[in-house]
Every structure is written in structure tokens, then in C-alpha cells.
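File shown: input_8.cif (mmCIF, C-alpha atoms).
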```cif
data_coords
loop_
_atom_site.label_atom_id
_atom_site.label_comp_id
_atom_site.auth_asym_id
_atom_site.auth_seq_id
_atom_site.Cartn_x
_atom_site.Cartn_y
_atom_site.Cartn_z
CA MET A 1 21.58 19.32 -16.97
CA GLU A 2 18.20 18.58 -18.51
CA LYS A 3 15.66 17.42 -15.93
CA ASP A 4 13.85 14.84 -18.06
CA THR A 5 15.15 11.31 -18.36
CA ILE A 6 14.94 10.34 -22.02
CA VAL A 7 14.84 6.99 -23.79
CA ALA A 8 15.19 5.93 -27.43
CA LEU A 9 16.28 3.13 -29.71
CA SER A 10 19.91 3.68 -30.74
CA THR A 11 20.05 1.02 -33.47
CA PRO A 12 18.05 1.13 -36.74
CA GLN A 13 14.38 0.25 -36.53
CA GLY A 14 13.37 -3.17 -37.77
CA THR A 15 13.98 -6.81 -36.96
CA GLY A 16 17.51 -7.88 -36.02
CA ALA A 17 19.48 -10.11 -33.69
CA ILE A 18 20.27 -7.35 -31.18
CA ALA A 19 18.81 -3.90 -30.49
CA VAL A 20 20.35 -1.18 -28.30
CA ILE A 21 18.14 1.09 -26.21
CA ARG A 22 19.65 4.12 -24.50
CA LEU A 23 18.33 5.77 -21.33
CA SER A 24 19.84 9.09 -20.16
CA GLY A 25 19.05 11.29 -17.18
CA SER A 26 19.19 11.52 -13.41
CA ARG A 27 16.51 8.83 -12.97
CA ALA A 28 17.95 6.34 -15.47
CA PHE A 29 19.17 3.85 -12.87
CA GLU A 30 15.99 4.24 -10.80
CA PHE A 31 13.80 3.33 -13.78
CA LEU A 32 15.98 0.36 -14.66
CA ASN A 33 15.99 -0.97 -11.11
CA ASN A 34 12.18 -0.94 -11.10
CA VAL A 35 11.97 -3.39 -13.99
CA ILE A 36 15.12 -5.52 -13.74
CA LYS A 37 15.63 -8.72 -11.79
CA PRO A 38 17.74 -9.39 -9.88
CA LYS A 39 17.74 -5.84 -8.50
CA ARG A 40 21.12 -4.24 -7.91
CA ALA A 41 22.18 -1.57 -5.44
CA PHE A 42 23.22 1.69 -7.07
CA GLU A 43 26.30 1.93 -4.85
CA THR A 44 27.64 -1.50 -5.79
CA LEU A 45 26.99 -1.30 -9.52
CA GLN A 46 30.28 -1.10 -11.40
CA GLU A 47 30.57 1.37 -14.24
CA ARG A 48 31.12 0.17 -17.81
CA LYS A 49 30.58 -3.46 -16.87
CA ALA A 50 28.05 -5.70 -18.61
CA TYR A 51 25.32 -7.19 -16.41
CA PHE A 52 22.71 -9.84 -17.24
CA GLY A 53 19.12 -9.57 -16.08
CA SER A 54 15.45 -10.20 -16.86
CA PHE A 55 13.31 -7.22 -17.92
CA TYR A 56 9.71 -6.98 -16.66
CA ASP A 57 7.00 -4.44 -17.50
CA VAL A 58 5.17 -2.38 -14.83
CA ASN A 59 2.63 -5.19 -14.38
CA GLY A 60 5.31 -7.77 -13.67
CA ALA A 61 5.17 -9.57 -17.03
CA LEU A 62 8.49 -10.78 -18.43
CA ILE A 63 9.47 -8.99 -21.65
CA ASP A 64 13.01 -10.17 -22.40
CA GLU A 65 16.36 -11.23 -21.03
CA ILE A 66 18.84 -8.40 -21.48
CA ILE A 67 22.41 -7.20 -21.03
CA PHE A 68 22.85 -3.68 -19.65
CA ILE A 69 25.80 -1.34 -19.02
CA TYR A 70 25.81 1.60 -16.63
CA PHE A 71 27.73 4.82 -17.38
CA ARG A 72 27.85 7.12 -14.34
CA ALA A 73 27.73 10.91 -14.82
CA PRO A 74 29.75 12.78 -15.88
CA LYS A 75 31.78 9.99 -17.54
CA SER A 76 29.19 9.18 -20.18
CA TYR A 77 28.34 10.28 -23.71
CA THR A 78 25.72 12.80 -22.57
CA GLY A 79 27.43 13.76 -19.30
CA GLU A 80 24.41 12.31 -17.43
CA ASP A 81 23.73 8.88 -15.94
CA VAL A 82 23.29 6.61 -18.96
CA ILE A 83 22.02 3.04 -19.22
CA GLU A 84 22.48 1.08 -22.44
CA ILE A 85 20.27 -1.99 -22.80
CA TYR A 86 21.07 -4.78 -25.25
CA CYS A 87 17.93 -6.79 -25.95
CA HIS A 88 16.72 -9.12 -28.69
CA GLY A 89 16.02 -7.12 -31.83
CA GLY A 90 12.33 -7.87 -32.29
CA ILE A 91 10.10 -4.89 -33.05
CA LEU A 92 7.57 -5.79 -30.34
CA VAL A 93 10.29 -6.40 -27.71
CA VAL A 94 11.82 -2.96 -28.36
CA GLU A 95 8.42 -1.24 -28.24
CA LYS A 96 7.51 -2.91 -24.94
CA ILE A 97 10.81 -1.96 -23.26
CA ILE A 98 10.57 1.68 -24.39
CA ASP A 99 6.88 1.87 -23.41
CA THR A 100 7.75 0.51 -19.97
CA PHE A 101 10.26 3.31 -19.36
CA ILE A 102 7.77 5.90 -20.63
CA ASN A 103 5.12 4.54 -18.22
CA LEU A 104 7.64 4.95 -15.40
CA GLY A 105 8.16 8.63 -16.27
CA ALA A 106 10.79 8.75 -18.99
CA ARG A 107 10.25 10.74 -22.18
CA LEU A 108 10.88 9.59 -25.74
CA ALA A 109 14.02 11.38 -26.94
CA GLU A 110 13.78 13.78 -29.84
CA ASN A 111 15.98 13.32 -32.91
CA GLY A 112 19.59 14.06 -31.96
CA GLU A 113 18.73 14.82 -28.32
CA PHE A 114 21.44 12.59 -26.84
CA THR A 115 24.05 14.52 -28.83
CA LYS A 116 22.35 17.80 -27.90
CA ARG A 117 22.73 16.93 -24.22
CA ALA A 118 26.36 15.96 -24.79
CA PHE A 119 26.91 19.47 -26.20
CA LEU A 120 24.96 21.27 -23.45
CA ASN A 121 26.88 19.36 -20.80
CA GLY A 122 30.23 20.28 -22.33
CA LYS A 123 31.16 16.81 -23.57
CA ILE A 124 31.56 17.89 -27.20
CA ASP A 125 31.56 21.14 -29.20
CA LEU A 126 29.24 21.99 -32.09
CA ILE A 127 31.73 20.82 -34.72
CA LYS A 128 32.03 17.39 -33.12
CA ALA A 129 28.25 17.20 -32.73
CA GLU A 130 27.84 17.83 -36.45
CA SER A 131 30.60 15.36 -37.31
CA ILE A 132 28.75 12.60 -35.42
CA LEU A 133 25.75 13.09 -37.70
CA GLN A 134 28.06 13.11 -40.73
CA ILE A 135 29.61 9.81 -39.64
CA ILE A 136 26.16 8.26 -39.29
CA GLU A 137 25.04 9.54 -42.70
CA ALA A 138 28.37 9.03 -44.53
CA LYS A 139 27.93 7.40 -47.93
CA SER A 140 31.52 7.42 -49.13
CA GLU A 141 34.97 6.64 -47.76
CA MET A 142 36.16 10.24 -48.25
CA GLY A 143 33.08 11.66 -46.53
CA LEU A 144 33.61 9.30 -43.60
CA LYS A 145 37.30 10.25 -43.34
CA LEU A 146 36.43 13.97 -43.30
CA ALA A 147 33.84 13.45 -40.57
CA LEU A 148 36.27 11.37 -38.49
CA ASP A 149 38.94 14.09 -38.78
CA ASN A 150 36.45 16.62 -37.42
CA LEU A 151 35.40 14.25 -34.64
CA LYS A 152 39.05 13.91 -33.61
CA GLY A 153 39.19 17.69 -33.31
CA LYS A 154 41.08 18.70 -36.46
CA LEU A 155 38.75 21.59 -37.36
CA SER A 156 38.18 22.50 -33.71
CA SER A 157 41.94 22.76 -33.22
CA GLU A 158 42.28 25.03 -36.26
CA ILE A 159 39.51 27.31 -34.99
CA ALA A 160 41.11 27.42 -31.54
CA SER A 161 44.43 28.44 -33.10
CA LEU A 162 42.65 31.11 -35.14
CA ARG A 163 40.97 32.47 -32.03
CA THR A 164 44.31 32.61 -30.22
CA ALA A 165 45.86 34.49 -33.14
CA LEU A 166 43.01 37.03 -33.18
CA ILE A 167 43.33 37.60 -29.44
CA ASP A 168 47.07 38.12 -29.90
CA ILE A 169 46.43 40.75 -32.60
CA LEU A 170 43.83 42.47 -30.44
CA SER A 171 46.33 42.58 -27.57
CA LYS A 172 48.95 44.21 -29.79
CA ILE A 173 46.45 46.83 -30.93
CA GLU A 174 45.36 47.62 -27.37
CA VAL A 175 48.98 47.86 -26.20
CA SER A 176 49.75 50.24 -29.07
CA ILE A 177 46.81 52.44 -28.08
CA ASP A 178 47.27 52.40 -24.29
CA TYR A 179 51.07 52.38 -24.08
CA GLY A 180 52.11 53.81 -27.43
CA ASP A 181 54.74 56.05 -25.88
CA ASP A 182 56.50 53.19 -24.09
CA ILE A 183 55.89 50.16 -26.31
CA GLU A 184 56.09 50.42 -30.06
CA ILE A 185 54.61 47.58 -32.13
CA PRO A 186 55.16 48.07 -35.88
CA SER A 187 51.90 48.41 -37.80
CA ASP A 188 53.37 46.18 -40.51
CA GLU A 189 53.59 43.35 -37.98
CA ILE A 190 49.90 43.66 -37.07
CA LEU A 191 48.92 44.00 -40.71
CA GLY A 192 50.96 40.93 -41.61
CA ASP A 193 49.21 38.88 -38.92
CA LEU A 194 45.81 40.00 -40.22
CA VAL A 195 46.75 39.12 -43.81
CA SER A 196 47.84 35.63 -42.67
CA ILE A 197 44.47 35.08 -41.01
CA GLN A 198 42.66 36.40 -44.06
CA ASP A 199 44.57 33.99 -46.31
CA PHE A 200 43.75 31.10 -43.99
CA LEU A 201 40.02 31.90 -44.02
CA SER A 202 39.98 32.47 -47.79
CA ASN A 203 41.56 29.06 -48.32
CA LYS A 204 38.99 27.43 -46.05
CA LEU A 205 36.09 29.10 -47.88
CA LYS A 206 37.61 28.15 -51.23
CA HIS A 207 37.49 24.46 -50.32
CA ALA A 208 34.21 24.58 -48.38
CA ASP A 209 32.11 23.30 -51.30
CA LYS A 210 34.53 20.44 -51.82
CA GLY A 211 34.18 19.38 -48.20
CA LEU A 212 30.40 19.63 -48.45
CA HIS A 213 30.34 17.42 -51.55
CA LEU A 214 32.59 14.86 -49.87
CA SER A 215 30.19 14.75 -46.93
CA THR A 216 26.81 14.77 -48.67
CA GLY A 217 27.74 13.51 -52.15
CA VAL A 218 27.61 15.06 -55.61
CA THR A 219 24.34 15.31 -57.53
CA MET A 220 24.57 14.88 -61.30
CA ALA A 221 21.75 15.30 -63.83
CA ILE A 222 21.99 13.76 -67.31
CA VAL A 223 20.19 15.98 -69.83
CA GLY A 224 19.85 16.01 -73.58
CA LYS A 225 17.43 15.67 -76.44
CA PRO A 226 15.26 12.55 -76.79
CA ASN A 227 16.91 9.27 -77.81
CA VAL A 228 20.46 10.58 -77.25
CA GLY A 229 21.31 7.71 -74.88
CA LYS A 230 20.71 9.16 -71.41
CA SER A 231 18.99 6.05 -70.02
CA THR A 232 21.61 3.76 -71.54
CA LEU A 233 24.36 5.80 -69.90
CA LEU A 234 22.62 5.64 -66.51
CA ASN A 235 22.26 1.87 -66.77
CA ARG A 236 25.93 1.46 -67.71
CA LEU A 237 27.07 3.64 -64.79
CA LEU A 238 24.88 1.76 -62.31
CA VAL A 239 25.64 -1.64 -63.90
CA GLU A 240 21.93 -2.50 -63.81
CA ASP A 241 18.83 -1.97 -65.92
CA ARG A 242 17.34 0.84 -63.85
CA ALA A 243 15.87 2.83 -66.75
CA ILE A 244 13.81 1.52 -69.69
CA VAL A 245 15.71 1.80 -72.97
CA THR A 246 13.97 1.80 -76.39
CA ASP A 247 14.50 3.36 -79.81
CA ILE A 248 11.31 5.39 -79.32
CA PRO A 249 12.05 9.05 -78.47
CA GLY A 250 10.42 10.23 -75.25
CA THR A 251 10.44 6.86 -73.48
CA THR A 252 11.66 8.41 -70.23
CA ARG A 253 8.94 10.61 -68.76
CA ASP A 254 10.04 10.93 -65.12
CA VAL A 255 13.30 11.41 -63.22
CA ILE A 256 15.08 8.12 -62.46
CA LYS A 257 17.87 8.17 -59.89
CA GLY A 258 20.73 5.91 -58.93
CA GLU A 259 23.75 6.07 -56.62
CA ILE A 260 27.36 5.09 -57.29
CA LYS A 261 30.82 5.70 -55.86
CA ILE A 262 33.65 7.00 -58.02
CA GLN A 263 37.12 7.06 -56.44
CA GLY A 264 35.61 7.26 -52.96
CA VAL A 265 33.12 10.04 -53.80
CA HIS A 266 29.38 9.40 -53.60
CA PHE A 267 27.34 10.42 -56.68
CA VAL A 268 23.56 10.63 -57.04
CA ILE A 269 22.86 10.47 -60.78
CA SER A 270 19.52 11.41 -62.36
CA ASP A 271 18.28 10.29 -65.76
CA THR A 272 15.81 12.86 -67.08
CA ALA A 273 13.24 13.13 -69.84
CA GLY A 274 14.47 14.21 -73.27
CA ILE A 275 14.12 17.98 -73.66
CA ARG A 276 12.38 19.26 -76.77
CA PRO A 277 9.43 21.49 -77.75
CA THR A 278 6.27 19.39 -77.42
CA GLU A 279 2.51 19.68 -77.05
CA ASP A 280 2.18 16.36 -75.20
CA ILE A 281 0.96 17.21 -71.66
CA VAL A 282 2.66 14.26 -69.95
CA GLU A 283 5.92 14.84 -71.81
CA LYS A 284 5.81 18.53 -70.84
CA ILE A 285 5.61 17.58 -67.17
CA GLY A 286 8.61 15.28 -67.62
CA ILE A 287 10.60 18.06 -69.30
CA GLU A 288 9.74 20.52 -66.51
CA ARG A 289 11.04 18.00 -63.97
CA ALA A 290 14.19 17.49 -66.04
CA LEU A 291 14.89 21.23 -66.03
CA LYS A 292 14.31 21.46 -62.27
CA GLU A 293 16.69 18.53 -61.75
CA ALA A 294 19.35 20.26 -63.88
CA GLU A 295 18.86 23.52 -61.99
CA LYS A 296 19.54 22.02 -58.55
CA ALA A 297 22.26 19.54 -59.62
CA ASP A 298 25.91 20.12 -58.72
CA VAL A 299 26.92 18.90 -62.18
CA VAL A 300 24.92 18.75 -65.42
CA LEU A 301 26.00 16.09 -67.91
CA PHE A 302 24.85 17.41 -71.30
CA LEU A 303 24.74 14.40 -73.62
CA LEU A 304 25.21 15.00 -77.37
CA ASP A 305 24.70 12.64 -80.31
CA ALA A 306 27.75 12.00 -82.52
CA THR A 307 25.48 10.72 -85.32
CA THR A 308 23.74 14.08 -85.69
CA GLY A 309 26.29 16.60 -84.45
CA PHE A 310 25.32 19.76 -82.56
CA THR A 311 21.73 20.39 -83.69
CA LYS A 312 19.05 23.02 -83.22
CA GLU A 313 17.56 20.77 -80.52
CA ASP A 314 20.86 20.87 -78.62
CA GLU A 315 21.01 24.63 -79.06
CA TYR A 316 17.46 24.85 -77.67
CA ILE A 317 18.51 22.87 -74.56
CA LEU A 318 21.69 24.87 -74.07
CA ASP A 319 19.64 28.04 -74.20
CA ILE A 320 17.43 27.03 -71.25
CA ILE A 321 19.81 25.22 -68.88
CA LYS A 322 22.22 27.07 -66.61
CA ASP A 323 25.76 27.60 -67.90
CA SER A 324 27.68 26.71 -64.74
CA ASN A 325 28.97 23.21 -64.03
CA VAL A 326 27.94 21.77 -67.41
CA LEU A 327 29.98 18.90 -68.84
CA TYR A 328 29.51 18.23 -72.56
CA VAL A 329 29.76 14.55 -73.53
CA TRP A 330 29.55 13.08 -77.03
CA ASN A 331 27.68 9.78 -77.18
CA LYS A 332 27.47 7.17 -80.00
CA VAL A 333 30.98 7.99 -81.18
CA ASP A 334 31.37 4.36 -82.25
CA ILE A 335 28.72 4.79 -84.97
CA GLY A 336 28.82 8.53 -85.63
CA ASP A 337 31.43 10.95 -86.96
CA LYS A 338 29.60 14.29 -86.84
CA ILE A 339 31.37 15.63 -83.80
CA THR A 340 31.69 19.37 -84.25
CA ASN A 341 33.84 22.02 -82.60
CA LEU A 342 31.68 22.17 -79.52
CA GLY A 343 33.45 25.21 -78.11
CA ASN A 344 32.45 27.32 -81.11
CA ASP A 345 28.88 25.96 -80.96
CA VAL A 346 28.51 26.90 -77.32
CA LYS A 347 30.05 30.36 -77.85
CA SER A 348 27.71 30.97 -80.80
CA THR A 349 24.69 30.01 -78.72
CA LYS A 350 25.78 32.27 -75.86
CA ARG A 351 26.26 35.20 -78.26
CA SER A 352 22.75 34.65 -79.62
CA ARG A 353 21.43 34.72 -76.04
CA LYS A 354 22.94 38.13 -75.39
CA SER A 355 21.68 39.58 -78.61
#
```
Translate the structure described by the file into C-alpha cells.
Amino acid sequence: MEKDTIVALSTPQGTGAIAVIRLSGSRAFEFLNNVIKPKRAFETLQERKAYFGSFYDVNGALIDEIIFIYFRAPKSYTGEDVIEIYCHGGILVVEKIIDTFINLGARLAENGEFTKRAFLNGKIDLIKAESILQIIEAKSEMGLKLALDNLKGKLSSEIASLRTALIDILSKIEVSIDYGDDIEIPSDEILGDLVSIQDFLSNKLKHADKGLHLSTGVTMAIVGKPNVGKSTLLNRLLVEDRAIVTDIPGTTRDVIKGEIKIQGVHFVISDTAGIRPTEDIVEKIGIERALKEAEKADVVLFLLDATTGFTKEDEYILDIIKDSNVLYVWNKVDIGDKITNLGNDVKSTKRSRKS
């Protein structure tokens, strides 16, 4: 176990009705008993039971009235003695309680250190440790479900089964080598087991990106020439006037972002500056940022104008953005009829690139 007793706020920072402060380590109860009244004997304190008390600083000044719960090692989240304190959620109250424990000899916990100790003390494996962070940071229902499945041990169980299968194959190989004259294991059987494992891993890798997107969200950049309707589309998707919309080309100069959920998947959508050759210094900076946004996005939404068709400006944009994960969308179809065979336009542009 780690020697230091650590303390940290477990609820979000800021003002609220209740705040939770967690203390973990071998001296957790000792520190609490120095500042709580009425004092309670360690031997008589019941685990996982809520107690009421008054919290005083090291100088004897009352800070707050609190509720605390004691979790005795090893039956706690970290595997150590843990105290959870429920106090009023004022910023100053929380600071004073944490400072009091630090003055007594506790150390402010680093980010994720409670979960780190849970892992080091054998309470959880690395997959479950990561899934806890994913649950905390989940921004969509599907991402939360995936993280909960991993916390329950779904992925850990699959890896354990894979490990067992590999050990079984290794045993067959060693038996074939050491006792080949007495025990004959067909090579096709071993090869078949290896192929099954290979197929399992290939399938997992194939869907790895999907799982990552469900957990962290999908980034989408809207690109196109000036005045094609990128800002209008962003505002419609977000159902709010996030971006300024005018008839003047080049209105958007910087990247404007918004977040939405589509069928349980979290999307971060970026409206970018219209891309075109220009000598305007500020507009150039906006275009450079638009291209960087398109380069790092999971999906690029290439917006085209149905009133003009596929133009030289569109061809210019297509020539400088990456080919992968580009969705071509015609806008203004209600007032324009110059939609061309986009597939031929794209192929023609790509041929011109190669030449």
C-alpha cells in the first residue's frame, strides 16, 4: 500500500448544496478523530454507517457540521482505510476542511490517484480503471453503456478467455514437443485454434475505432467555399444562433464549435471559414485553421451549392483537403437545380491530382 494518506474533493468544484471529500490511507481515521466532535473510538466505529459530527480546524475553530462514513481496509474503493465526508458545498468550507487534513499530515491527491491505488491494491484491473474515467467523461448514452459494460468486466472476461485459450495452445505445443512419441496432437487442431484467436482479435481491432468514437464522440468539420451555407447548417443542427449568418462571403473567420447528440452518439461539429484563394491576412489565418480542423476531424462535411453546381472553387477545396471520411452534401437545393454528377467531378479532380 502507499504510505501517504491522501485527500481530495470528489464532487465538482464550485458552490452546491453538498460536497464530498474523500480521505484514503492508513492514517485516515486518525486525522478525522483529531478534528471531529464527538470523538469516536476506532474499535467501536461501524463500517459503512453514516455518523454526524462537528468539524473543527487544528486551532479548534468550528468549520462545519458534517456526515461521515468509514470504509475499513480492504473493503473500500482503494483497498485502504477510507473516510468520506459530506459537508455543505461552499467553496470556503471545502477548502478549510481539506487544508485542515493537509496541516495534519495528509497530502492532496493527484488526478486519478484514488483509482490508481485501487488498481495497485488489486481492487480493479486496468480496463476497469479506464472505464471509470470513461463513465465520468461520458457524453452520450452509447458511450456510457460501453463504459459500464467494461466496468462490469465484459472486456476483462474476454481477455481472460483469450489468455486461457493461448495457454491451452501453448500446452498442446509443448506436449507435442516433449512427448511426441506417446501423445499425438494433430497440427491442424493447433492451427485451427490459432486461426480462431486471430479472427477474434481481427474483429476486435476492426471495431476499435467505433468503440473509441462511442466513448469520446465524433468530430465533424463543415468545410466549403464562402457563402455556401456552413454557418446556417451549424445553427440548424444546434437549434441556436451560434454562428453569425450574412450574405457577405467570408463572414466566418474563426472556427466555431457546437455539440449535439444524434441517435445516442455525441458529435462535436465545427463551422469553419470559407476556403478560397485570398490575399486578406485575417481571412488567410481563418482558412489555415479551417484546413487544420478538417485534417484532424473524424468526418469532413463538404458543403456544395446547388445554385452554382460543382465549381472551380469546389475543385480547389477538394484538391487540398484529405480524401478519407469526406461526405459531400448539396445545399440550397430548394432554390438551385445545378446539381451535377458529383462522382464524376470528384474522379476528374483526383485524376488531375495524379497527373
Residue by residue, what does the PyMOL selection byres ((chain A and resi 275-285) around 12) grab here? Present the result as a PyMOL selection string. chain A and resi 222-228+230+249-255+271-274+286-292+294+302-303+311-321
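For the residues A:Leu191, A:Ile132, A:Ile6, A:Leu32, ranking by smallest atom-to-atom distance to A:Ala109 using only C-alpha atoms places A:Ile6 first.
Atom CA of A:Asp57 lies 14.0 Å from atom CA of A:Cys87.
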Residue among A:Ser10, A:Tyr56, A:Leu166, A:Lys172 lying closest to A:Gly89, counting only C-alpha atoms: A:Ser10
Decode the PyMOL selection byres ((chain A and resi 86) around 8) for the given file into explicit residues and return them as number ranges by chain. A: 18-21, 66-68, 84-85, 87-88
Rounded to one decimal, what separation in Å do you get between atom CA of A:Ala243 and atom CA of A:Ile256? 6.9 Å
Cut-off 10 Å: closest stretch 122-181 of chain A/stretch 79-82 of chain A atom pairs per residue, using all atoms listed in the file, as a tab-separated table:
```
residue	atom	partner	partner_atom	distance
A:Gly122	CA	A:Gly79	CA	7.7
A:Lys123	CA	A:Gly79	CA	6.4
A:Ile124	CA	A:Gly79	CA	9.8
```
Quick check on the file I pasted: which residues fall under the PyMOL selection byres ((chain A and resi 108) around 8)? Write them as a list of chain:residue names. A:Ile6, A:Val7, A:Ala8, A:Ile102, A:Ala106, A:Arg107, A:Ala109, A:Glu110
Shortest interatomic distance to A:Met142 - which of A:Gly25, A:Gly258, A:Gly217, A:Gly264, counting all atoms listed in the file: A:Gly264
